[in-house]
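S.K.: If it helps, the file is called my_file-v2.cif and holds mmCIF, C-alpha atoms and all ligand atoms:
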```cif
data_my_file
#
loop_
_atom_site.label_atom_id
_atom_site.label_comp_id
_atom_site.auth_asym_id
_atom_site.auth_seq_id
_atom_site.Cartn_x
_atom_site.Cartn_y
_atom_site.Cartn_z
CA MET A 23 0.00 0.00 0.00
CA TYR A 24 1.03 3.58 0.36
CA THR A 25 3.53 3.32 3.17
CA GLN A 26 6.66 1.41 3.53
CA ALA A 27 7.33 -1.49 5.85
CA LEU A 28 4.12 -0.76 7.76
CA ASP A 29 2.00 -3.39 6.12
CA ILE A 30 4.05 -6.53 6.58
CA PRO A 31 2.89 -8.50 9.63
CA PRO A 32 5.35 -8.09 12.52
CA GLY A 33 8.01 -10.78 12.58
CA GLU A 34 7.64 -11.35 8.85
CA GLN A 35 10.07 -8.78 7.59
CA PRO A 36 10.54 -8.99 3.85
CA LYS A 37 13.67 -10.64 2.53
CA ARG A 38 14.25 -7.67 0.31
CA THR A 39 12.67 -4.29 0.61
CA PRO A 40 12.80 -1.49 -1.91
CA ASP A 41 15.73 -0.10 0.00
CA ALA A 42 17.64 -3.36 0.28
CA VAL A 43 21.24 -3.34 -0.89
CA GLU A 44 21.93 -3.29 -4.59
CA ASN A 45 21.98 -6.73 -6.08
CA ALA A 46 22.87 -7.75 -9.63
CA ALA A 47 20.09 -10.32 -9.93
CA TYR A 48 17.41 -7.93 -8.70
CA GLN A 49 18.82 -5.25 -10.96
CA ALA A 50 18.56 -7.53 -14.00
CA GLU A 51 14.99 -8.45 -13.10
CA PHE A 52 14.13 -4.77 -12.63
CA ASP A 53 15.67 -3.80 -16.01
CA ALA A 54 13.76 -6.59 -17.74
CA ARG A 55 10.49 -5.42 -16.22
CA ILE A 56 11.14 -1.82 -17.30
CA ASP A 57 11.98 -3.02 -20.83
CA ALA A 58 8.77 -5.02 -20.94
CA GLY A 59 6.81 -1.91 -20.00
CA ALA A 60 5.75 -3.35 -16.63
CA THR A 61 4.71 -1.09 -13.76
CA ILE A 62 6.87 -0.85 -10.66
CA GLU A 63 4.86 -0.74 -7.41
CA ALA A 64 5.81 0.73 -4.05
CA LYS A 65 6.94 -2.51 -2.39
CA ASP A 66 8.87 -3.84 -5.38
CA TRP A 67 12.65 -3.82 -5.35
CA MET A 68 14.07 -0.84 -7.21
CA PRO A 69 17.56 0.62 -7.66
CA GLU A 70 18.35 3.35 -5.15
CA ALA A 71 18.99 5.88 -7.94
CA TYR A 72 15.53 5.18 -9.42
CA ARG A 73 13.93 5.78 -6.04
CA LYS A 74 15.90 8.99 -5.47
CA THR A 75 15.06 10.35 -8.90
CA LEU A 76 11.37 9.68 -8.29
CA VAL A 77 11.37 11.24 -4.83
CA ARG A 78 13.02 14.35 -6.25
CA GLN A 79 10.72 14.61 -9.26
CA ILE A 80 7.43 13.80 -7.52
CA SER A 81 8.12 16.08 -4.55
CA GLN A 82 9.20 18.96 -6.82
CA HIS A 83 6.01 18.40 -8.74
CA ALA A 84 3.96 18.45 -5.51
CA HIS A 85 5.69 21.63 -4.29
CA SER A 86 4.93 23.26 -7.65
CA GLU A 87 1.22 22.52 -7.26
CA ILE A 88 1.21 23.95 -3.73
CA VAL A 89 3.23 27.09 -4.55
CA GLY A 90 1.20 27.34 -7.76
CA MET A 91 -1.86 28.22 -5.67
CA LEU A 92 -0.28 31.53 -4.66
CA PRO A 93 -0.18 33.62 -7.87
CA GLU A 94 -3.85 32.91 -8.61
CA GLY A 95 -4.98 32.84 -4.99
CA ASN A 96 -3.94 36.47 -5.00
CA TRP A 97 -6.92 37.22 -7.26
CA ILE A 98 -9.71 35.25 -5.58
CA SER A 99 -10.89 38.24 -3.56
CA ARG A 100 -10.65 40.53 -6.60
CA ALA A 101 -12.29 38.38 -9.28
CA PRO A 102 -14.54 40.52 -11.50
CA SER A 103 -17.75 38.55 -10.82
CA LEU A 104 -19.16 35.91 -8.51
CA LYS A 105 -19.05 33.40 -11.39
CA ARG A 106 -15.32 34.00 -12.02
CA LYS A 107 -14.65 33.88 -8.31
CA ALA A 108 -16.36 30.48 -7.90
CA ILE A 109 -14.42 29.14 -10.91
CA LEU A 110 -11.09 30.44 -9.62
CA LEU A 111 -11.73 29.03 -6.15
CA ALA A 112 -12.44 25.61 -7.68
CA LYS A 113 -9.30 25.83 -9.81
CA VAL A 114 -7.02 26.80 -6.93
CA GLN A 115 -8.58 24.09 -4.76
CA ASP A 116 -7.76 21.57 -7.52
CA GLU A 117 -4.11 22.66 -7.44
CA GLY A 118 -4.05 22.03 -3.69
CA GLY A 119 -5.55 18.60 -4.38
CA HIS A 120 -2.88 17.90 -7.00
CA GLY A 121 -0.20 18.71 -4.44
CA LEU A 122 -1.78 16.25 -2.01
CA TYR A 123 -2.13 13.41 -4.55
CA LEU A 124 1.55 13.87 -5.37
CA TYR A 125 2.79 14.08 -1.79
CA ALA A 126 0.92 10.81 -1.14
CA ALA A 127 2.65 9.24 -4.16
CA ALA A 128 6.07 10.45 -2.95
CA GLU A 129 5.42 9.02 0.52
CA THR A 130 5.09 5.53 -0.99
CA LEU A 131 8.84 5.76 -1.65
CA GLY A 132 9.61 5.98 2.05
CA VAL A 133 9.89 9.72 2.66
CA SER A 134 7.68 11.41 5.23
CA ARG A 135 5.32 14.32 4.60
CA ASP A 136 7.18 16.35 7.22
CA ASP A 137 10.50 15.78 5.40
CA LEU A 138 8.95 17.00 2.17
CA THR A 139 7.36 20.05 3.80
CA GLU A 140 10.60 20.92 5.53
CA ALA A 141 12.54 20.70 2.25
CA LEU A 142 10.14 23.21 0.70
CA LEU A 143 10.03 25.63 3.63
CA SER A 144 13.79 25.65 4.13
CA GLY A 145 14.28 26.55 0.49
CA LYS A 146 16.19 23.32 -0.15
CA ALA A 147 13.61 21.93 -2.58
CA LYS A 148 12.89 23.35 -6.02
CA TYR A 149 9.53 24.06 -7.60
CA SER A 150 8.55 25.19 -11.08
CA SER A 151 10.18 28.50 -12.11
CA ILE A 152 6.88 29.78 -13.52
CA PHE A 153 5.39 30.53 -10.10
CA ASN A 154 8.03 33.13 -9.32
CA TYR A 155 6.45 35.62 -11.71
CA PRO A 156 3.85 38.11 -10.41
CA THR A 157 0.15 38.25 -11.37
CA LEU A 158 -0.34 41.96 -12.07
CA ASN A 159 -3.95 42.08 -13.24
CA TRP A 160 -7.00 39.93 -13.95
CA ALA A 161 -5.79 39.07 -17.45
CA ASP A 162 -2.82 37.29 -15.84
CA VAL A 163 -5.22 34.82 -14.24
CA GLY A 164 -6.72 33.99 -17.64
CA VAL A 165 -3.30 33.70 -19.27
CA ILE A 166 -2.06 31.39 -16.52
CA GLY A 167 -4.99 29.05 -17.17
CA TRP A 168 -4.46 29.12 -20.92
CA LEU A 169 -0.64 29.02 -21.19
CA VAL A 170 0.70 27.78 -17.84
CA ASP A 171 -1.88 25.04 -17.34
CA GLY A 172 -1.65 24.35 -21.08
CA ALA A 173 2.10 23.77 -20.77
CA ALA A 174 1.54 21.71 -17.62
CA ILE A 175 -0.91 19.47 -19.50
CA MET A 176 1.68 18.82 -22.26
CA ASN A 177 4.19 17.89 -19.58
CA GLN A 178 1.85 15.76 -17.52
CA ILE A 179 0.05 13.61 -20.08
CA PRO A 180 3.11 11.42 -20.78
CA LEU A 181 3.59 10.98 -17.00
CA CYS A 182 0.28 9.09 -16.85
CA LYS A 183 2.23 6.23 -18.45
CA CYS A 184 5.36 6.49 -16.32
CA SER A 185 6.85 3.29 -14.93
CA TYR A 186 6.12 4.01 -11.26
CA GLY A 187 2.52 3.00 -10.48
CA PRO A 188 1.60 5.43 -7.68
CA TYR A 189 2.97 8.41 -9.66
CA ALA A 190 1.23 7.34 -12.88
CA ARG A 191 -2.11 6.91 -11.07
CA ALA A 192 -1.80 10.31 -9.38
CA MET A 193 -1.10 11.87 -12.78
CA VAL A 194 -4.19 10.26 -14.33
CA ARG A 195 -6.24 11.95 -11.63
CA VAL A 196 -4.44 15.29 -12.15
CA CYS A 197 -4.80 15.24 -15.94
CA LYS A 198 -8.55 14.62 -15.71
CA GLU A 199 -8.83 17.95 -13.87
CA GLU A 200 -6.40 20.07 -15.90
CA SER A 201 -8.53 20.50 -18.98
CA PHE A 202 -11.02 22.58 -16.98
CA HIS A 203 -8.12 24.80 -15.85
CA GLN A 204 -7.01 25.60 -19.37
CA ARG A 205 -10.51 26.10 -20.74
CA GLN A 206 -11.66 28.41 -17.94
CA GLY A 207 -8.56 30.57 -18.52
CA TYR A 208 -9.15 30.81 -22.25
CA ASP A 209 -12.83 31.54 -21.60
CA ALA A 210 -11.95 34.42 -19.24
CA LEU A 211 -9.64 35.85 -21.92
CA LEU A 212 -12.33 35.54 -24.62
CA ALA A 213 -14.61 37.61 -22.37
CA MET A 214 -11.95 40.31 -22.01
CA MET A 215 -11.18 40.33 -25.74
CA GLY A 216 -14.86 41.02 -26.36
CA GLY A 217 -14.64 44.06 -24.08
CA THR A 218 -12.96 47.44 -24.39
CA ASP A 219 -9.66 48.36 -26.07
CA GLU A 220 -8.16 48.74 -22.64
CA GLN A 221 -9.17 45.20 -21.69
CA ARG A 222 -7.70 43.84 -24.92
CA GLU A 223 -4.45 45.64 -24.13
CA LEU A 224 -4.38 44.04 -20.69
CA VAL A 225 -4.67 40.59 -22.29
CA GLN A 226 -1.91 41.30 -24.81
CA ASP A 227 0.33 42.66 -22.06
CA ALA A 228 -0.20 39.53 -19.95
CA VAL A 229 0.53 37.27 -22.96
CA ASN A 230 3.74 39.24 -23.60
CA ARG A 231 4.89 38.65 -20.05
CA TRP A 232 3.88 34.94 -19.69
CA TRP A 233 4.81 33.53 -23.11
CA TRP A 234 8.55 33.02 -22.59
CA PRO A 235 8.31 31.85 -18.97
CA SER A 236 5.72 29.29 -20.19
CA LEU A 237 8.18 27.93 -22.75
CA MET A 238 10.81 27.68 -19.99
CA MET A 239 8.47 25.38 -18.03
CA PHE A 240 9.62 22.48 -20.22
CA GLY A 241 13.13 22.81 -18.81
CA PRO A 242 16.55 23.14 -20.46
CA HIS A 243 17.31 21.94 -23.99
CA ASP A 244 17.77 18.18 -24.32
CA ALA A 245 21.51 18.72 -24.85
CA ASP A 246 21.67 20.50 -21.49
CA SER A 247 19.64 18.03 -19.42
CA PRO A 248 22.14 15.33 -18.53
CA ASN A 249 19.68 13.27 -16.46
CA SER A 250 17.00 13.05 -19.13
CA GLY A 251 18.54 9.99 -20.79
CA GLN A 252 18.48 7.97 -17.58
CA SER A 253 14.89 9.05 -16.85
CA MET A 254 13.90 7.93 -20.35
CA ARG A 255 15.67 4.61 -19.81
CA TRP A 256 13.66 4.11 -16.61
CA GLY A 257 10.36 4.99 -18.24
CA ILE A 258 9.88 7.97 -15.93
CA LYS A 259 10.18 10.43 -18.78
CA ARG A 260 8.58 9.49 -22.10
CA ILE A 261 9.03 12.59 -24.29
CA SER A 262 12.04 14.95 -24.29
CA ASN A 263 11.89 18.59 -23.10
CA ASP A 264 12.41 20.02 -26.59
CA ASP A 265 9.81 17.76 -28.18
CA LEU A 266 7.22 18.71 -25.56
CA ARG A 267 8.02 22.41 -25.99
CA GLN A 268 7.60 22.11 -29.76
CA LYS A 269 4.24 20.36 -29.33
CA PHE A 270 3.13 23.17 -27.05
CA VAL A 271 4.17 25.92 -29.49
CA ASP A 272 2.50 24.12 -32.40
CA ALA A 273 -0.76 23.77 -30.44
CA THR A 274 -0.79 27.33 -29.10
CA VAL A 275 -0.33 29.37 -32.30
CA LYS A 276 -3.85 28.67 -33.54
CA GLN A 277 -5.33 29.38 -30.10
CA ALA A 278 -3.62 32.80 -30.04
CA GLU A 279 -5.01 33.56 -33.48
CA VAL A 280 -8.58 32.69 -32.46
CA LEU A 281 -8.20 34.77 -29.33
CA GLY A 282 -6.85 37.72 -31.33
CA VAL A 283 -3.52 38.17 -29.57
CA THR A 284 0.05 38.18 -30.90
CA LEU A 285 2.64 35.86 -29.40
CA PRO A 286 5.69 38.03 -28.57
CA ASP A 287 8.16 36.38 -30.93
CA PRO A 288 8.91 37.96 -34.34
CA GLU A 289 10.73 34.77 -35.37
CA LEU A 290 7.69 32.58 -34.84
CA LYS A 291 6.74 31.09 -38.23
CA TRP A 292 5.62 27.86 -39.86
CA ASN A 293 8.45 25.72 -41.21
CA GLU A 294 7.04 23.59 -44.01
CA ALA A 295 10.08 21.30 -44.16
CA ARG A 296 10.03 20.49 -40.43
CA GLY A 297 6.24 20.46 -40.18
CA HIS A 298 6.56 22.61 -37.05
CA TYR A 299 6.68 26.24 -36.02
CA ASP A 300 10.16 27.76 -35.63
CA PHE A 301 10.62 30.07 -32.67
CA ALA A 302 13.34 32.34 -31.29
CA ALA A 303 16.02 31.35 -28.79
CA ILE A 304 15.01 31.20 -25.12
CA ASP A 305 16.76 33.44 -22.60
CA TRP A 306 18.29 30.70 -20.44
CA ASP A 307 20.06 33.22 -18.21
CA GLU A 308 16.64 34.38 -17.06
CA PHE A 309 15.56 30.77 -16.49
CA TRP A 310 18.57 29.87 -14.34
CA ASN A 311 18.32 33.15 -12.48
CA VAL A 312 14.75 32.30 -11.44
CA VAL A 313 15.57 28.67 -10.68
CA ASN A 314 18.43 29.79 -8.46
CA GLY A 315 16.21 32.00 -6.35
CA HIS A 316 16.51 35.40 -7.99
CA GLY A 317 13.17 35.68 -9.75
CA GLN A 318 10.74 38.48 -8.99
CA CYS A 319 8.69 36.54 -6.44
CA ASN A 320 10.92 33.74 -5.05
CA VAL A 321 11.25 35.41 -1.66
CA ASP A 322 7.52 36.25 -1.42
CA ARG A 323 6.39 32.77 -2.40
CA LEU A 324 8.55 31.05 0.17
CA ALA A 325 7.61 33.57 2.85
CA ALA A 326 3.91 32.93 2.13
CA ARG A 327 4.39 29.15 2.56
CA VAL A 328 6.37 29.57 5.78
CA LYS A 329 3.73 31.94 7.16
CA ALA A 330 0.94 29.50 6.27
CA TRP A 331 2.81 26.69 8.05
CA GLU A 332 3.50 28.79 11.14
CA ASP A 333 0.02 30.31 11.33
CA GLY A 334 -1.44 26.80 11.08
CA ALA A 335 0.64 25.44 13.98
CA TRP A 336 -2.08 25.96 16.60
CA VAL A 337 -4.63 24.19 14.39
CA ARG A 338 -2.38 21.18 14.00
CA GLU A 339 -1.73 21.09 17.73
CA ALA A 340 -5.41 21.50 18.61
CA ALA A 341 -6.40 18.67 16.26
CA VAL A 342 -3.87 16.31 17.87
CA ALA A 343 -4.98 17.33 21.38
CA HIS A 344 -8.63 16.76 20.44
CA ALA A 345 -7.91 13.33 18.95
CA ASP A 346 -5.89 12.32 22.04
CA LYS A 347 -8.71 13.43 24.35
CA GLN A 348 -11.34 11.55 22.35
CA ALA A 349 -9.20 8.41 22.34
CA ALA A 350 -8.67 8.64 26.11
CA ARG A 351 -12.41 9.06 26.70
CA GLU A 352 -13.25 6.09 24.51
CA LYS A 353 -10.71 4.00 26.37
CA ALA A 354 -12.15 5.07 29.75
CA ALA A 355 -15.68 4.25 28.59
CA ALA A 356 -14.69 0.81 27.27
CA MET B 24 10.39 22.97 12.06
CA GLU B 25 8.22 21.29 14.65
CA ARG B 26 7.43 17.71 13.61
CA LYS B 27 4.23 16.09 14.64
CA GLU B 28 3.07 14.29 11.56
CA TRP B 29 -0.57 13.20 11.63
CA PRO B 30 -1.24 9.48 11.02
CA LEU B 31 -1.65 8.23 7.47
CA TRP B 32 -4.98 6.81 6.25
CA GLU B 33 -5.60 4.89 3.05
CA ILE B 34 -8.70 6.04 1.20
CA PHE B 35 -11.13 3.86 -0.75
CA VAL B 36 -14.00 5.35 -2.75
CA ARG B 37 -17.14 3.67 -4.16
CA SER B 38 -17.89 5.61 -7.33
CA LYS B 39 -21.52 4.46 -7.46
CA ASN B 40 -23.74 1.90 -5.85
CA GLY B 41 -23.19 -1.50 -7.43
CA LEU B 42 -19.41 -1.05 -7.69
CA ASP B 43 -16.61 -1.94 -5.25
CA HIS B 44 -14.76 0.60 -3.15
CA LYS B 45 -11.49 1.27 -4.94
CA HIS B 46 -8.22 2.50 -3.46
CA CYS B 47 -7.49 6.04 -4.62
CA GLY B 48 -4.71 7.43 -2.41
CA SER B 49 -4.01 8.50 1.13
CA VAL B 50 -4.44 11.44 3.50
CA HIS B 51 -3.05 12.53 6.85
CA ALA B 52 -5.60 13.07 9.64
CA THR B 53 -5.68 12.98 13.43
CA ASP B 54 -8.80 10.82 13.69
CA ALA B 55 -11.34 8.88 11.64
CA ARG B 56 -13.78 11.75 11.29
CA MET B 57 -11.13 14.09 9.99
CA ALA B 58 -9.83 11.41 7.62
CA LEU B 59 -13.28 11.14 6.02
CA GLN B 60 -13.66 14.92 5.78
CA VAL B 61 -10.24 15.41 4.22
CA ALA B 62 -10.76 12.47 1.85
CA ARG B 63 -14.04 14.02 0.70
CA ASP B 64 -12.27 17.30 -0.15
CA VAL B 65 -9.24 15.69 -1.76
CA TYR B 66 -10.77 12.80 -3.70
CA THR B 67 -14.43 13.63 -4.45
CA ARG B 68 -14.57 17.23 -5.66
CA ARG B 69 -16.49 16.16 -8.79
CA GLN B 70 -18.91 13.58 -7.45
CA GLU B 71 -16.38 10.79 -7.89
CA GLY B 72 -17.94 8.90 -5.01
CA VAL B 73 -21.03 7.99 -3.04
CA SER B 74 -19.17 6.33 -0.16
CA ILE B 75 -15.69 6.57 1.37
CA TRP B 76 -13.71 4.11 3.50
CA ALA B 77 -10.73 5.37 5.47
CA VAL B 78 -8.35 2.79 6.96
CA ARG B 79 -5.34 3.50 9.16
CA ALA B 80 -2.37 2.61 6.94
CA GLU B 81 -0.69 0.81 9.83
CA ASP B 82 -3.72 -1.49 10.20
CA ILE B 83 -3.44 -2.85 6.68
CA VAL B 84 -1.84 -6.25 6.31
CA ALA B 85 -0.35 -6.98 2.90
CA SER B 86 1.36 -9.94 1.29
CA ASP B 87 5.12 -9.81 0.88
CA PRO B 88 6.06 -8.90 -2.71
CA ASP B 89 8.88 -11.46 -2.43
CA ALA B 90 6.33 -14.19 -1.84
CA LYS B 91 4.73 -13.67 -5.26
CA PRO B 92 6.01 -16.96 -6.72
CA GLU B 93 4.91 -19.26 -3.89
CA LEU B 94 1.58 -17.47 -3.45
CA PHE B 95 0.44 -17.01 -7.01
CA ASP B 96 2.39 -19.30 -9.35
CA PRO B 97 0.73 -22.57 -8.20
CA ALA B 98 -2.50 -21.45 -9.91
CA GLU B 99 -0.74 -21.19 -13.24
CA ASP B 100 -0.92 -24.86 -14.29
CA LYS B 101 -4.48 -25.49 -13.07
CA ILE B 102 -6.02 -24.71 -16.40
CA TYR B 103 -8.92 -27.10 -15.68
CA ARG B 104 -10.31 -24.35 -13.41
CA HIS B 105 -11.30 -22.39 -16.50
CA PRO B 106 -14.37 -23.18 -18.65
CA THR B 107 -12.30 -22.98 -21.85
CA PHE B 108 -10.42 -26.14 -20.78
CA TYR B 109 -13.42 -28.28 -21.74
CA LYS B 110 -14.01 -28.99 -25.42
CA LEU B 111 -17.67 -29.78 -25.94
CA PRO B 112 -19.61 -30.62 -29.12
CA ASP B 113 -20.51 -27.47 -31.13
CA GLU B 114 -24.26 -27.88 -30.52
CA VAL B 115 -23.85 -27.50 -26.76
CA ASP B 116 -20.68 -25.37 -26.62
CA HIS B 117 -22.51 -22.24 -25.43
CA MET B 118 -22.85 -23.99 -22.05
FE FE A 401 -2.24 21.15 -11.16
FE FE A 402 -3.86 23.27 -13.18
#
```
Any chance you could put this one into structure tokens?
M.R.:
Amino acid sequence: MYTQALDIPPGEQPKRTPDAVENAAYQAEFDARIDAGATIEAKDWMPEAYRKTLVRQISQHAHSEIVGMLPEGNWISRAPSLKRKAILLAKVQDEGGHGLYLYAAAETLGVSRDDLTEALLSGKAKYSSIFNYPTLNWADVGVIGWLVDGAAIMNQIPLCKCSYGPYARAMVRVCKEESFHQRQGYDALLAMMGGTDEQRELVQDAVNRWWWPSLMMFGPHDADSPNSGQSMRWGIKRISNDDLRQKFVDATVKQAEVLGVTLPDPELKWNEARGHYDFAAIDWDEFWNVVNGHGQCNVDRLAARVKAWEDGAWVREAAVAHADKQAAREKAAA
Amino acid sequence: MERKEWPLWEIFVRSKNGLDHKHCGSVHATDARMALQVARDVYTRRQEGVSIWAVRAEDIVASDPDAKPELFDPAEDKIYRHPTFYKLPDEVDHM
């Protein structure tokens, strides 16, 4: 099940656990299963490096969902109508849910929720660079749904078939909910584009600011992602960063046209020979700057998470005290 | 950081009457009531269920993955347990 070494009857410790020492025979069996497209489950033996890679990737993914609530959460109280407010609340609540599905999946690999939370709050863990950009006006909320959730969908669909069962199942659940996120964003932008010139300018301005950071969400070029090959070998990653980015660009051009906005890239044009859109070079200095903590909102985002954790301390304590009291009463009554 | 992790509960959801409860993930909660409340918010935001079971993860007993061969392989050669093992005359083969 979802925890490690908790569900084997006492005295019947397994001969090999997922964290047992490396062993050539187990390794060969594992490789053969991966090659055959089999799913690895929580209690199965797995190489330590496979486990570590998964813990890192799944927890970063979970942190991204949790931090990802902040830029949009900022606009819940200022949504332009009750309808948009209800939609945005539902969307942000989904992102919180995604974080929880993913933390649960990471915990199957033998890390505790507290360890994961601590890694985020101490600044040790990474989360997606995109959430370190500010949401300046209501159009930003629409553009996040359209472009940021759109990019996330491209990234996440192949993960539904990843080799680690609990992660794949969590991603199936996540992907079912993402389509609503993208559509509600596009719908909010359509409404603004049907409004005044000033509203249309707000949308264009937001697109100008979010386009490049959205392309950066797919990560460095394939040539600059040394671990990608191993992740592909393990069936954790199914499609390369550059291929996913290209798919996203190809899908988005038409959507921008229908919406009536211009994507901020003069080099963006159809390449008949490649059968894809060409686009300009990405500013990787900006990407690494944000990843390394120097984006516009890194400090704010982390401070908001730390504050939420600290402000919630009394609730966590009260809940434990209540449960202890109830348990003691039940025991006394028995 | 203060560490007082709440216990882990495994969550099973029945999507509609007539179907089994199916495992869908886990939540942390201090007691059974909270586990059900949290599970409702996390796993049934779109009417995915009509009933939820929450089970303390530490109360679940599972088979050892290493015991797969001795537990499950013996059934492999007992093909006579399947209806297709029996070749009957065409006229009565729908039996
Ligand atoms: Fe999400
Ligand atoms: Fe989303």
S.K.: List all protein, DNA and RNA residues that have at least one atom no more than 6 Å from any atom of ligand FE 401 (chain A), counting all atoms listed in the file, and write them as number ranges by chain.
M.R.: A: 87, 117, 120
S.K.: List all protein, DNA and RNA residues that have at least one atom no more than 9 Å from any atom of ligand FE 402 (chain A), counting only C-alpha atoms and all ligand atoms, and write them as a PyMOL selection string.
M.R.: chain A and resi 87+90+113-114+116-117+120+166-167+170-172+174-175+196-197+199-204
S.K.: For the atom pair CA of Val342 in chain A and CA of Val50 in chain B, what is the interatomic distance in Å to one decimal place?
M.R.: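 Those two atoms sit 15.2 Å apart.
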S.K.: Using all atoms listed in the file, what residues lie at most 12 Å away from (-18.1, 1.6, -4.3) (file coordinates), given as a VMD selection string?
M.R.: chain B and resid 34 to 47 71 to 76
S.K.: Counting only C-alpha atoms, which residues sit no farther than 9 Å from the position (11.3, 36.5, -16.2) in the file's frame? I'd like them as JSON, numbers by chain.
M.R.: {"A": [152, 154, 155, 231, 232, 234, 235, 305, 308, 309, 311, 312, 317, 318]}
S.K.: Restricting the calculation to only C-alpha atoms, which member of A:Ala101, A:Ala345, A:Leu237, A:Ala58 is positioned closest to chain B?
M.R.: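 Closest candidate: A:Ala345.
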S.K.: Can you pull out the residues contacting Thr157 in chain A? Cut-off 8 Å, using all atoms listed in the file, and skip same-chain residues under 3 positions away; I want them as a ChimeraX atom specification.
M.R.: /A:93-94,96,160,162-163
S.K.: Which of these residues is nearest to Trp292 in chain A, using all atoms listed in the file: A:His243, A:Ala335, A:Ala349, A:Gln268?
M.R.: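 Closest candidate: A:Gln268.
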S.K.: Taking a cut-off of 6 Å and counting all atoms listed in the file, can you build a table that, for each residue of chain B near chain A, reports the nearest atom pair and how far apart they are in Å (one decimal), sorted by chain then residue number, as a Markdown table?
M.R.:
```
| residue | atom | partner | partner_atom | distance |
| --- | --- | --- | --- | --- |
| B:Ser49 | CA | A:Ala126 | CA | 5.9 |
| B:Thr53 | CA | A:Val342 | CA | 5.8 |
| B:Asp54 | CA | A:Ala345 | CA | 5.9 |
| B:Val65 | CA | A:Gly119 | CA | 5.4 |
| B:Glu81 | CA | A:Leu28 | CA | 5.5 |
| B:Ile83 | CA | A:Asp29 | CA | 5.5 |
| B:Val84 | CA | A:Asp29 | CA | 4.8 |
| B:Ala85 | CA | A:Asp29 | CA | 5.4 |
```
S.K.: Could you save those same residues with C-alpha atoms as a PDB file, in the coordinates of the input?
M.R.:
```
ATOM      1  CA  SER B  49      -4.010   8.500   1.130  1.00  0.00           C
ATOM      2  CA  THR B  53      -5.680  12.980  13.430  1.00  0.00           C
ATOM      3  CA  ASP B  54      -8.800  10.820  13.690  1.00  0.00           C
ATOM      4  CA  VAL B  65      -9.240  15.690  -1.760  1.00  0.00           C
ATOM      5  CA  GLU B  81      -0.690   0.810   9.830  1.00  0.00           C
ATOM      6  CA  ILE B  83      -3.440  -2.850   6.680  1.00  0.00           C
ATOM      7  CA  VAL B  84      -1.840  -6.250   6.310  1.00  0.00           C
ATOM      8  CA  ALA B  85      -0.350  -6.980   2.900  1.00  0.00           C
TER       9      ALA B  85
END
```
S.K.: At what distance in Å, to one decimal, does CA of Asn159 in chain A lie from CA of Val280 in chain A?
M.R.: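 Going from CA of Val280 in chain A over to CA of Asn159 in chain A covers 21.9 Å.
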S.K.: Using CA of Tyr66 in chain B and CA of Asp209 in chain A as the two end points, give the distance in Å to one decimal.
M.R.: 26.0 Å
